[in-house]
>>> print(open('run00.csv').read())   # CSV, C-alpha atoms (C1' of nucleotides)
chain,number,residue,atom,x,y,z
R,1,MET,CA,6.2,-21.4,-11.2
R,2,ASP,CA,4.0,-18.3,-11.1
R,3,TRP,CA,5.3,-14.8,-11.3
R,4,LYS,CA,4.9,-13.9,-7.7
R,5,GLU,CA,6.8,-16.8,-6.5
R,6,GLY,CA,9.6,-16.3,-9.0
R,7,LYS,CA,9.9,-12.6,-8.1
R,8,GLU,CA,10.2,-13.5,-4.4
R,9,LYS,CA,12.8,-16.1,-5.0
R,10,PHE,CA,14.8,-13.7,-7.2
R,11,ILE,CA,14.8,-10.9,-4.6
R,12,GLN,CA,15.7,-13.4,-1.9
R,13,ALA,CA,18.6,-14.9,-3.9
R,14,TRP,CA,20.0,-11.5,-5.0
R,15,GLY,CA,19.9,-10.3,-1.4
R,16,ALA,CA,21.7,-13.4,-0.2
R,17,LEU,CA,24.4,-13.0,-2.9
R,18,GLY,CA,24.9,-9.4,-1.9
R,19,SER,CA,25.4,-10.1,1.7
R,20,GLU,CA,28.0,-12.8,0.9
R,21,TRP,CA,29.9,-10.2,-1.0
R,22,GLY,CA,29.8,-7.5,1.6
R,23,VAL,CA,26.8,-5.6,0.2
R,24,ASN,CA,24.0,-4.7,2.5
R,25,ARG,CA,21.2,-7.3,2.0
R,26,THR,CA,18.4,-4.7,1.7
R,27,MET,CA,20.4,-2.7,-0.8
R,28,ALA,CA,20.7,-5.8,-3.0
R,29,GLN,CA,17.0,-6.6,-2.6
R,30,VAL,CA,15.9,-3.1,-3.6
R,31,HIS,CA,18.2,-3.4,-6.6
R,32,ALA,CA,16.7,-6.8,-7.5
R,33,LEU,CA,13.2,-5.4,-7.2
R,34,LEU,CA,14.0,-2.5,-9.5
R,35,MET,CA,15.8,-4.6,-12.0
R,36,ILE,CA,12.7,-6.7,-12.6
R,37,SER,CA,10.1,-3.9,-12.5
R,38,PRO,CA,9.1,-2.9,-16.0
R,39,LEU,CA,7.9,0.5,-14.5
R,40,SER,CA,9.6,2.8,-12.1
R,41,LEU,CA,8.5,2.5,-8.5
R,42,SER,CA,8.1,5.1,-5.7
R,43,ALA,CA,9.9,4.9,-2.4
R,44,ASP,CA,6.5,4.1,-0.9
R,45,GLN,CA,5.9,1.1,-3.2
R,46,ILE,CA,9.4,-0.2,-2.5
R,47,MET,CA,8.8,0.1,1.3
R,48,LYS,CA,5.6,-1.9,1.0
R,49,GLU,CA,6.9,-4.5,-1.3
R,50,LEU,CA,9.9,-5.3,0.8
R,51,LYS,CA,8.3,-4.5,4.1
R,52,ILE,CA,11.0,-2.1,5.2
R,53,SER,CA,10.8,1.3,6.9
R,54,SER,CA,11.0,4.6,5.1
R,55,GLY,CA,14.4,5.4,6.5
R,56,ASN,CA,15.8,2.1,5.4
R,57,ALA,CA,14.3,2.4,1.9
R,58,ASN,CA,15.6,5.9,1.5
R,59,MET,CA,19.1,5.1,2.6
R,60,ASN,CA,19.4,2.2,0.3
R,61,ILE,CA,17.9,3.9,-2.7
R,62,ARG,CA,20.3,6.7,-2.3
R,63,ALA,CA,23.2,4.3,-2.0
R,64,LEU,CA,22.1,2.6,-5.3
R,65,MET,CA,21.9,5.9,-7.0
R,66,ASP,CA,25.5,6.7,-5.8
R,67,TRP,CA,26.6,3.5,-7.3
R,68,GLY,CA,24.9,4.4,-10.6
R,69,LEU,CA,22.6,1.4,-10.6
R,70,VAL,CA,19.3,3.2,-10.1
R,71,TYR,CA,18.0,6.5,-11.5
R,72,LYS,CA,15.4,9.0,-10.4
R,73,GLU,CA,12.5,9.5,-12.7
R,74,LEU,CA,10.0,12.4,-12.3
R,75,ARG,CA,6.5,12.0,-13.6
R,76,PRO,CA,4.9,15.2,-14.7
R,77,GLY,CA,2.1,16.3,-12.5
R,78,ASP,CA,3.2,13.9,-9.7
R,79,ARG,CA,5.2,15.1,-6.7
R,80,LYS,CA,6.5,11.7,-5.8
R,81,GLU,CA,9.9,10.5,-7.0
R,82,TYR,CA,10.0,7.3,-8.9
R,83,PHE,CA,13.0,5.1,-9.3
R,84,ILE,CA,14.1,3.0,-12.1
R,85,GLY,CA,16.8,0.3,-12.1
R,86,GLU,CA,19.5,-0.1,-14.7
R,87,LYS,CA,18.4,-3.0,-16.8
R,88,ASP,CA,21.5,-3.6,-18.9
R,89,MET,CA,23.4,-6.4,-17.2
R,90,TRP,CA,26.7,-5.4,-18.6
R,91,LYS,CA,26.3,-1.8,-17.2
R,92,VAL,CA,25.3,-3.2,-13.8
R,93,VAL,CA,28.4,-5.4,-13.6
R,94,ARG,CA,30.6,-2.5,-14.8
R,95,GLN,CA,29.2,-0.1,-12.2
R,96,ILE,CA,29.8,-2.7,-9.5
R,97,ILE,CA,33.4,-3.2,-10.6
R,98,ILE,CA,34.0,0.5,-10.7
R,99,ASN,CA,32.7,1.0,-7.2
R,100,ARG,CA,34.4,-1.8,-5.5
R,101,LYS,CA,37.7,-1.2,-7.3
R,102,LYS,CA,37.7,2.4,-6.1
R,103,LYS,CA,36.8,1.5,-2.6
R,104,GLU,CA,39.1,-1.5,-2.1
R,105,LEU,CA,41.7,-2.2,-4.7
R,106,GLU,CA,43.1,1.3,-4.8
R,107,PRO,CA,43.5,1.8,-1.0
R,108,MET,CA,45.1,-1.6,-0.9
R,109,LEU,CA,47.7,-0.7,-3.5
R,110,LYS,CA,48.4,2.5,-1.5
R,111,ILE,CA,49.1,0.6,1.7
R,112,LEU,CA,51.3,-2.0,-0.1
R,113,ASP,CA,53.4,0.8,-1.5
R,114,GLU,CA,53.9,2.2,2.0
R,115,ILE,CA,54.9,-1.2,3.3
R,116,SER,CA,57.2,-2.0,0.4
R,117,GLY,CA,59.6,0.5,1.9
R,118,VAL,CA,60.4,-1.9,4.7
R,119,LYS,CA,64.1,-2.5,5.6
R,120,GLU,CA,65.1,-6.0,4.5
R,121,ASP,CA,67.4,-6.7,7.4
R,122,CYS,CA,66.3,-10.2,8.4
R,123,LEU,CA,64.7,-13.3,7.0
R,124,GLU,CA,61.3,-12.2,8.2
R,125,ALA,CA,61.6,-8.8,6.7
R,126,GLU,CA,62.6,-10.4,3.4
R,127,ALA,CA,59.6,-12.7,3.4
R,128,LEU,CA,57.3,-9.7,4.1
R,129,ALA,CA,58.8,-7.7,1.3
R,130,LYS,CA,58.5,-10.6,-1.1
R,131,THR,CA,54.8,-11.2,-0.3
R,132,VAL,CA,54.0,-7.5,-0.6
R,133,ASN,CA,55.7,-7.4,-3.9
R,134,ASP,CA,53.9,-10.4,-5.3
R,135,ILE,CA,50.6,-9.0,-4.2
R,136,LYS,CA,51.4,-5.6,-5.7
R,137,MET,CA,52.3,-7.2,-9.0
R,138,PHE,CA,49.2,-9.3,-9.0
R,139,SER,CA,46.9,-6.4,-8.1
R,140,SER,CA,48.2,-3.9,-10.4
R,141,LYS,CA,47.7,-6.5,-13.2
R,142,ALA,CA,44.2,-7.0,-11.9
R,143,ASP,CA,43.7,-3.2,-11.7
R,144,SER,CA,44.6,-2.6,-15.3
R,145,THR,CA,42.6,-5.6,-16.5
R,146,LEU,CA,39.6,-4.2,-14.8
R,147,ASP,CA,40.2,-0.8,-16.2
R,148,MET,CA,40.2,-2.4,-19.6
R,149,LEU,CA,37.0,-4.3,-18.9
R,150,ILE,CA,35.3,-1.0,-17.7
R,151,LYS,CA,36.2,0.7,-21.0
R,152,ALA,CA,35.2,-2.2,-23.1
R,153,ASP,CA,31.7,-2.9,-24.2
R,154,SER,CA,29.6,-6.0,-23.7
R,155,ASN,CA,30.3,-7.5,-27.2
R,156,TRP,CA,34.0,-7.1,-26.8
R,157,PHE,CA,33.8,-9.0,-23.5
R,158,VAL,CA,31.8,-11.8,-24.9
R,159,GLY,CA,33.9,-12.0,-28.1
R,160,THR,CA,37.3,-11.9,-26.4
R,161,PHE,CA,36.5,-14.5,-23.8
R,162,MET,CA,35.0,-16.8,-26.5
R,163,LYS,CA,38.2,-16.6,-28.4
R,164,MET,CA,40.2,-17.3,-25.2
R,165,ILE,CA,38.1,-20.4,-24.4
R,166,LYS,CA,38.5,-21.9,-27.9
V,167,MET,CA,59.7,1.6,8.0
V,168,ASP,CA,60.9,-1.3,10.2
V,169,TRP,CA,59.9,-4.9,9.9
V,170,LYS,CA,57.5,-4.9,12.9
V,171,GLU,CA,55.6,-1.9,11.7
V,172,GLY,CA,55.3,-3.2,8.2
V,173,LYS,CA,54.1,-6.6,9.4
V,174,GLU,CA,51.4,-5.0,11.5
V,175,LYS,CA,50.2,-2.8,8.7
V,176,PHE,CA,50.1,-5.7,6.4
V,177,ILE,CA,48.1,-7.9,8.7
V,178,GLN,CA,45.7,-5.1,9.4
V,179,ALA,CA,45.2,-4.2,5.7
V,180,TRP,CA,44.6,-7.8,4.7
V,181,GLY,CA,42.1,-8.2,7.5
V,182,ALA,CA,40.2,-5.1,6.4
V,183,LEU,CA,40.2,-6.3,2.8
V,184,GLY,CA,38.8,-9.6,3.9
V,185,SER,CA,36.0,-8.2,5.9
V,186,GLU,CA,34.9,-6.0,3.0
V,187,TRP,CA,34.7,-9.1,0.9
V,188,GLY,CA,32.7,-11.2,3.3
V,189,VAL,CA,35.6,-13.1,4.8
V,190,ASN,CA,36.0,-13.2,8.5
V,191,ARG,CA,38.5,-10.5,9.6
V,192,THR,CA,40.5,-12.9,11.8
V,193,MET,CA,40.6,-15.6,9.2
V,194,ALA,CA,42.2,-13.0,6.8
V,195,GLN,CA,44.6,-11.9,9.5
V,196,VAL,CA,45.8,-15.5,10.2
V,197,HIS,CA,46.2,-15.9,6.5
V,198,ALA,CA,48.2,-12.7,6.3
V,199,LEU,CA,50.5,-13.7,9.2
V,200,LEU,CA,51.2,-17.1,7.7
V,201,MET,CA,51.8,-15.7,4.2
V,202,ILE,CA,54.6,-13.5,5.5
V,203,SER,CA,56.1,-16.0,7.9
V,204,PRO,CA,59.2,-17.7,6.5
V,205,LEU,CA,58.8,-20.6,9.0
V,206,SER,CA,55.7,-22.5,10.0
V,207,LEU,CA,53.9,-21.4,13.2
V,208,SER,CA,52.1,-23.3,15.9
V,209,ALA,CA,48.5,-22.5,16.9
V,210,ASP,CA,50.0,-21.2,20.1
V,211,GLN,CA,52.3,-18.7,18.3
V,212,ILE,CA,49.4,-17.5,16.1
V,213,MET,CA,47.2,-17.0,19.2
V,214,LYS,CA,49.8,-14.9,20.8
V,215,GLU,CA,50.8,-12.9,17.8
V,216,LEU,CA,47.3,-11.9,16.9
V,217,LYS,CA,46.1,-11.8,20.6
V,218,ILE,CA,43.1,-14.2,19.9
V,219,SER,CA,41.8,-17.1,21.9
V,220,SER,CA,42.6,-20.7,21.2
V,221,GLY,CA,39.1,-21.4,20.0
V,222,ASN,CA,39.1,-18.6,17.5
V,223,ALA,CA,42.6,-19.5,16.3
V,224,ASN,CA,41.6,-23.1,15.9
V,225,MET,CA,38.4,-22.4,14.0
V,226,ASN,CA,40.1,-20.0,11.5
V,227,ILE,CA,43.1,-22.2,10.9
V,228,ARG,CA,40.8,-25.0,10.1
V,229,ALA,CA,38.8,-22.9,7.7
V,230,LEU,CA,42.0,-21.8,6.0
V,231,MET,CA,43.0,-25.4,5.6
V,232,ASP,CA,39.6,-26.2,4.1
V,233,TRP,CA,40.1,-23.4,1.6
V,234,GLY,CA,43.5,-24.9,0.7
V,235,LEU,CA,45.4,-21.8,1.7
V,236,VAL,CA,47.2,-23.2,4.7
V,237,TYR,CA,48.8,-26.6,5.3
V,238,LYS,CA,49.7,-28.6,8.4
V,239,GLU,CA,53.4,-29.3,8.9
V,240,LEU,CA,54.6,-31.9,11.4
V,241,ARG,CA,58.1,-31.5,12.9
V,242,PRO,CA,59.7,-34.8,13.9
V,243,GLY,CA,60.1,-35.1,17.6
V,244,ASP,CA,57.6,-32.3,18.3
V,245,ARG,CA,54.0,-33.0,19.3
V,246,LYS,CA,52.7,-29.6,18.3
V,247,GLU,CA,51.2,-29.0,14.9
V,248,TYR,CA,52.7,-26.3,12.8
V,249,PHE,CA,51.0,-24.4,10.0
V,250,ILE,CA,52.5,-23.0,6.9
V,251,GLY,CA,50.7,-20.6,4.5
V,252,GLU,CA,50.6,-20.9,0.7
V,253,LYS,CA,53.1,-18.5,-0.6
V,254,ASP,CA,52.5,-18.6,-4.3
V,255,MET,CA,50.2,-15.7,-5.0
V,256,TRP,CA,48.7,-17.3,-8.1
V,257,LYS,CA,47.7,-20.4,-6.1
V,258,VAL,CA,46.2,-18.2,-3.4
V,259,VAL,CA,44.0,-16.3,-5.8
V,260,ARG,CA,43.1,-19.5,-7.6
V,261,GLN,CA,42.0,-21.2,-4.3
V,262,ILE,CA,39.9,-18.2,-3.4
V,263,ILE,CA,38.2,-18.2,-6.8
V,264,ILE,CA,37.5,-22.0,-6.5
V,265,ASN,CA,36.0,-21.6,-3.1
V,266,ARG,CA,33.8,-18.6,-3.8
V,267,LYS,CA,32.7,-19.9,-7.1
V,268,LYS,CA,31.5,-23.1,-5.5
V,269,LYS,CA,29.8,-21.4,-2.6
V,270,GLU,CA,28.1,-18.6,-4.5
V,271,LEU,CA,28.1,-18.7,-8.2
V,272,GLU,CA,26.9,-22.2,-8.6
V,273,PRO,CA,23.9,-22.0,-6.1
V,274,MET,CA,23.0,-18.7,-7.9
V,275,LEU,CA,22.9,-20.4,-11.2
V,276,LYS,CA,20.7,-23.2,-9.7
V,277,ILE,CA,18.1,-20.7,-8.4
V,278,LEU,CA,18.1,-18.8,-11.7
V,279,ASP,CA,17.3,-22.1,-13.5
V,280,GLU,CA,14.4,-22.7,-11.2
V,281,ILE,CA,13.1,-19.2,-11.7
V,282,SER,CA,13.5,-19.2,-15.5
V,283,GLY,CA,10.5,-21.7,-15.6
V,284,VAL,CA,8.2,-18.8,-14.7
V,285,LYS,CA,5.0,-18.4,-16.7
V,286,GLU,CA,5.4,-15.3,-18.9
V,287,ASP,CA,1.8,-14.2,-18.7
V,288,CYS,CA,2.1,-10.5,-18.0
V,289,LEU,CA,4.4,-7.6,-18.5
V,290,GLU,CA,6.0,-8.1,-15.1
V,291,ALA,CA,6.6,-11.8,-15.6
V,292,GLU,CA,8.2,-11.0,-18.9
V,293,ALA,CA,10.6,-8.4,-17.3
V,294,LEU,CA,11.5,-11.0,-14.6
V,295,ALA,CA,12.2,-13.6,-17.2
V,296,LYS,CA,14.3,-11.3,-19.2
V,297,THR,CA,16.4,-10.2,-16.2
V,298,VAL,CA,16.9,-13.7,-15.1
V,299,ASN,CA,18.0,-14.7,-18.5
V,300,ASP,CA,20.5,-11.9,-18.8
V,301,ILE,CA,22.0,-12.8,-15.5
V,302,LYS,CA,22.2,-16.5,-16.5
V,303,MET,CA,24.0,-15.7,-19.7
V,304,PHE,CA,26.4,-13.4,-17.9
V,305,SER,CA,27.1,-15.7,-15.1
V,306,SER,CA,27.6,-18.9,-17.1
V,307,LYS,CA,30.1,-16.9,-19.2
V,308,ALA,CA,31.8,-15.8,-15.9
V,309,ASP,CA,31.6,-19.4,-14.7
V,310,SER,CA,33.4,-20.8,-17.7
V,311,THR,CA,35.9,-18.0,-17.7
V,312,LEU,CA,36.8,-18.7,-14.1
V,313,ASP,CA,37.1,-22.4,-14.9
V,314,MET,CA,39.5,-21.6,-17.5
V,315,LEU,CA,41.5,-19.3,-15.2
V,316,ILE,CA,41.6,-22.0,-12.6
V,317,LYS,CA,43.1,-24.4,-15.0
V,318,ALA,CA,45.5,-22.0,-16.5
V,319,ASP,CA,48.8,-21.2,-14.9
V,320,SER,CA,50.3,-17.9,-13.8
V,321,ASN,CA,52.3,-17.2,-16.9
V,322,TRP,CA,49.3,-17.9,-19.1
V,323,PHE,CA,47.3,-15.4,-17.2
V,324,VAL,CA,49.9,-12.7,-17.4
V,325,GLY,CA,50.6,-13.3,-21.0
V,326,THR,CA,47.0,-13.4,-22.2
V,327,PHE,CA,46.0,-10.3,-20.5
V,328,MET,CA,49.0,-8.5,-21.7
V,329,LYS,CA,48.0,-9.4,-25.2
V,330,MET,CA,44.5,-8.2,-24.6
V,331,ILE,CA,45.6,-4.9,-23.2
V,332,LYS,CA,47.8,-4.1,-26.2
L,333,DT,C1',3.1,32.6,3.4
L,334,DG,C1',0.8,28.4,5.1
L,335,DT,C1',0.1,23.9,4.7
L,336,DA,C1',0.2,19.4,3.0
L,337,DA,C1',2.9,15.9,0.7
L,338,DC,C1',7.0,13.9,0.5
L,339,DT,C1',12.0,13.0,1.8
L,340,DT,C1',15.9,12.7,4.9
L,341,DT,C1',18.3,12.3,9.3
L,342,DC,C1',19.6,10.1,13.4
L,343,DA,C1',19.5,8.1,18.1
L,344,DA,C1',17.8,4.1,19.9
L,345,DT,C1',17.3,-0.7,19.3
L,346,DA,C1',17.3,-5.0,17.0
L,347,DA,C1',19.6,-8.5,14.5
L,348,DG,C1',23.5,-10.8,13.1
L,349,DT,C1',28.3,-12.1,13.6
L,350,DT,C1',32.4,-13.3,15.8
L,351,DC,C1',35.1,-14.4,19.9
L,352,DT,C1',36.2,-16.2,24.3
L,353,DG,C1',37.4,-19.7,27.5
L,354,DA,C1',36.4,-23.5,30.0
L,355,DA,C1',35.3,-28.3,29.4
L,356,DA,C1',35.6,-32.3,26.6
L,357,DC,C1',38.1,-34.9,23.6
L,358,DT,C1',42.3,-37.0,21.4
L,359,DT,C1',47.0,-38.3,21.0
L,360,DT,C1',51.5,-39.2,22.7
L,361,DT,C1',54.8,-40.7,25.9
L,362,DA,C1',56.6,-43.0,29.9
D,363,DT,C1',47.4,-47.4,31.2
D,364,DA,C1',47.9,-42.9,33.4
D,365,DA,C1',49.0,-38.5,32.9
D,366,DA,C1',50.6,-34.8,30.2
D,367,DA,C1',50.3,-32.1,26.0
D,368,DG,C1',47.8,-30.5,22.6
D,369,DT,C1',43.3,-29.8,20.0
D,370,DT,C1',38.4,-29.0,19.4
D,371,DT,C1',33.8,-27.7,20.6
D,372,DC,C1',30.2,-24.7,21.9
D,373,DA,C1',27.1,-21.7,24.9
D,374,DG,C1',27.1,-17.3,26.1
D,375,DA,C1',29.3,-12.6,25.9
D,376,DA,C1',31.1,-9.0,23.2
D,377,DC,C1',31.1,-6.6,19.2
D,378,DT,C1',29.5,-5.0,14.7
D,379,DT,C1',26.1,-3.7,11.5
D,380,DA,C1',21.4,-2.8,9.9
D,381,DT,C1',16.8,-1.1,10.8
D,382,DT,C1',13.2,1.5,12.7
D,383,DG,C1',10.3,5.4,13.4
D,384,DA,C1',9.6,9.7,14.9
D,385,DA,C1',11.1,14.3,14.3
D,386,DA,C1',13.2,17.7,11.3
D,387,DG,C1',13.7,19.3,6.8
D,388,DT,C1',12.3,20.3,2.0
D,389,DT,C1',9.4,21.4,-1.8
D,390,DA,C1',5.2,22.6,-4.5
D,391,DC,C1',1.4,24.9,-4.8
D,392,DA,C1',-2.7,27.8,-3.6
>>> encode(input="run00.csv", output="structure tokens")
Amino acid sequence: MDWKEGKEKFIQAWGALGSEWGVNRTMAQVHALLMISPLSLSADQIMKELKISSGNANMNIRALMDWGLVYKELRPGDRKEYFIGEKDMWKVVRQIIINRKKKELEPMLKILDEISGVKEDCLEAEALAKTVNDIKMFSSKADSTLDMLIKADSNWFVGTFMKMIK
Amino acid sequence: MDWKEGKEKFIQAWGALGSEWGVNRTMAQVHALLMISPLSLSADQIMKELKISSGNANMNIRALMDWGLVYKELRPGDRKEYFIGEKDMWKVVRQIIINRKKKELEPMLKILDEISGVKEDCLEAEALAKTVNDIKMFSSKADSTLDMLIKADSNWFVGTFMKMIK
DNA sequence: TGTAACTTTCAATAAGTTCTGAAACTTTTA
DNA sequence: TAAAAGTTTCAGAACTTATTGAAAGTTACA
């Protein structure tokens, strides 16, 4: 397989994966492109490469910077802004966990807390309370596990899971 | 908070969570409803409760059965089919992991394997190969970790992570 | 300060997805 | 076996989300 074909397949696959996980397809493709670019790229180059409009490119680049997966790079003597993708896989995964956790797990726990104040005055209310409680237990466990993962470094992750598997 | 309000909030929240994770909102709501129902419900009851059409109800109930999160229950002397949701939180999470892993992680690994055969004949091809390799390493690690989680039981999960956190 | 290069915004539109409901199909019962 | 009860399918409608592109905004420099 030549480089061009591999690159296209990769961008395509990463985009598809993103859209199955609720991430905008284009955002994932821009991320894929920047991950495999040895040099930083301008918004213009990204637009052309992925055949998207300036508005779309701009919005998704900004979102990726918000997520901490892409950085701005300024080249002296050049007015254009260049963008460089985070290359360290462990950092990429960590940033994604941090962002999704904040956006989804934490609001979920908040709602569950509200619901757990329900009056248990019938069979159905009891079943609701039990389910809510089970989810709360599970997700606060998941929450603290993820916090730990976020703080840990890559070697720790690999090492610990290797031990667990043995 | 009374039972009715809690129930609605719960169904609503679970539906929103689902749609952020690429799961059809209605499917998540049907699942939520069945999780908190002490008794099994007929398709008809589900339709009325969630105010959805028979077609929609049917499609999503079937999808949930495919995922192993909902079972059919036949009541003697009744021609209707009743549906009961999996109540064990650990089993629910495990089924979700199994399904998503099969649908997404495994195809991803397959594509990455194809791409890793790329000729490394320039700087860009090398960067592509490196990224692909890093992702492969990370995801096969994740893959085996999830396999292990799937086989493990709930107590093992809680116990091991508690040890890790200490 | 004017102007050219570049970036950002946003309303309109396109694309993608989910839902409806009527018709077709299947199963049960008399 | 006919009819009643229940279930499934699917084409088009409704809804949701993403994208475009032109206009407005910003910045750097002469």
>>> closest_residue(input="run00.csv", among="V:Ile263, V:Met193, V:Met225, V:Leu216", to="chain D", atoms="all atoms listed in the file")
V:Met225
>>> atom_distance(input="run00.csv", atom1="CA of Val258 (chain V)", atom2="CA of Ile227 (chain V)")
15.2 Å
>>> closest_residue(input="run00.csv", among="R:Asp147, R:Val30, R:Gly15, R:Gly85", to="Ile52 (chain R)", atoms="all atoms listed in the file")
R:Val30
>>> interface_residues(input="run00.csv", of="chain V", to="chain R", cutoff="8 Å", atoms="only C-alpha atoms", output="JSON list (two decimals) with C-alpha atoms, in the coordinates of the input")
[["chain", "number", "residue", "atom", "x", "y", "z"],
["V", 167, "MET", "CA", 59.70, 1.60, 8.00],
["V", 168, "ASP", "CA", 60.90, -1.30, 10.20],
["V", 169, "TRP", "CA", 59.90, -4.90, 9.90],
["V", 172, "GLY", "CA", 55.30, -3.20, 8.20],
["V", 173, "LYS", "CA", 54.10, -6.60, 9.40],
["V", 175, "LYS", "CA", 50.20, -2.80, 8.70],
["V", 176, "PHE", "CA", 50.10, -5.70, 6.40],
["V", 179, "ALA", "CA", 45.20, -4.20, 5.70],
["V", 183, "LEU", "CA", 40.20, -6.30, 2.80],
["V", 185, "SER", "CA", 36.00, -8.20, 5.90],
["V", 186, "GLU", "CA", 34.90, -6.00, 3.00],
["V", 187, "TRP", "CA", 34.70, -9.10, 0.90],
["V", 188, "GLY", "CA", 32.70, -11.20, 3.30],
["V", 201, "MET", "CA", 51.80, -15.70, 4.20],
["V", 202, "ILE", "CA", 54.60, -13.50, 5.50],
["V", 203, "SER", "CA", 56.10, -16.00, 7.90],
["V", 204, "PRO", "CA", 59.20, -17.70, 6.50],
["V", 253, "LYS", "CA", 53.10, -18.50, -0.60],
["V", 255, "MET", "CA", 50.20, -15.70, -5.00],
["V", 270, "GLU", "CA", 28.10, -18.60, -4.50],
["V", 274, "MET", "CA", 23.00, -18.70, -7.90],
["V", 277, "ILE", "CA", 18.10, -20.70, -8.40],
["V", 278, "LEU", "CA", 18.10, -18.80, -11.70],
["V", 281, "ILE", "CA", 13.10, -19.20, -11.70],
["V", 283, "GLY", "CA", 10.50, -21.70, -15.60],
["V", 284, "VAL", "CA", 8.20, -18.80, -14.70],
["V", 285, "LYS", "CA", 5.00, -18.40, -16.70],
["V", 286, "GLU", "CA", 5.40, -15.30, -18.90],
["V", 289, "LEU", "CA", 4.40, -7.60, -18.50],
["V", 290, "GLU", "CA", 6.00, -8.10, -15.10],
["V", 291, "ALA", "CA", 6.60, -11.80, -15.60],
["V", 293, "ALA", "CA", 10.60, -8.40, -17.30],
["V", 294, "LEU", "CA", 11.50, -11.00, -14.60],
["V", 297, "THR", "CA", 16.40, -10.20, -16.20],
["V", 300, "ASP", "CA", 20.50, -11.90, -18.80],
["V", 301, "ILE", "CA", 22.00, -12.80, -15.50],
["V", 304, "PHE", "CA", 26.40, -13.40, -17.90],
["V", 307, "LYS", "CA", 30.10, -16.90, -19.20],
["V", 311, "THR", "CA", 35.90, -18.00, -17.70],
["V", 314, "MET", "CA", 39.50, -21.60, -17.50],
["V", 324, "VAL", "CA", 49.90, -12.70, -17.40],
["V", 327, "PHE", "CA", 46.00, -10.30, -20.50],
["V", 331, "ILE", "CA", 45.60, -4.90, -23.20]]
>>> residues_near_point(input="run00.csv", point="(39.5, -15.4, 20.9)", cutoff="6 Å", atoms="all atoms listed in the file", output="number ranges by chain")
V: 218-219, 222; L: 351-352
>>> interface_residues(input="run00.csv", of="chain R", to="chain D", cutoff="10 Å", atoms="only C-alpha atoms (C1' of nucleotides)", output="PyMOL selection string")
chain R and resi 24-26+52-57+79
>>> interface_residues(input="run00.csv", of="chain L", to="chain R", cutoff="12 Å", atoms="all atoms listed in the file", output="VMD selection string")
chain L and resid 336 to 342 348
>>> atom_distance(input="run00.csv", atom1="CA of Ser140 (chain R)", atom2="CA of Leu109 (chain R)")
7.6 Å
>>> residues_around(input="run00.csv", residues="Glu86 (chain R)", least_positions_apart="6", cutoff="9 Å", atoms="all atoms listed in the file", output="count of residues only")
8
>>> atom_distance(input="run00.csv", atom1="CA of Met213 (chain V)", atom2="CA of Ile250 (chain V)")
14.7 Å
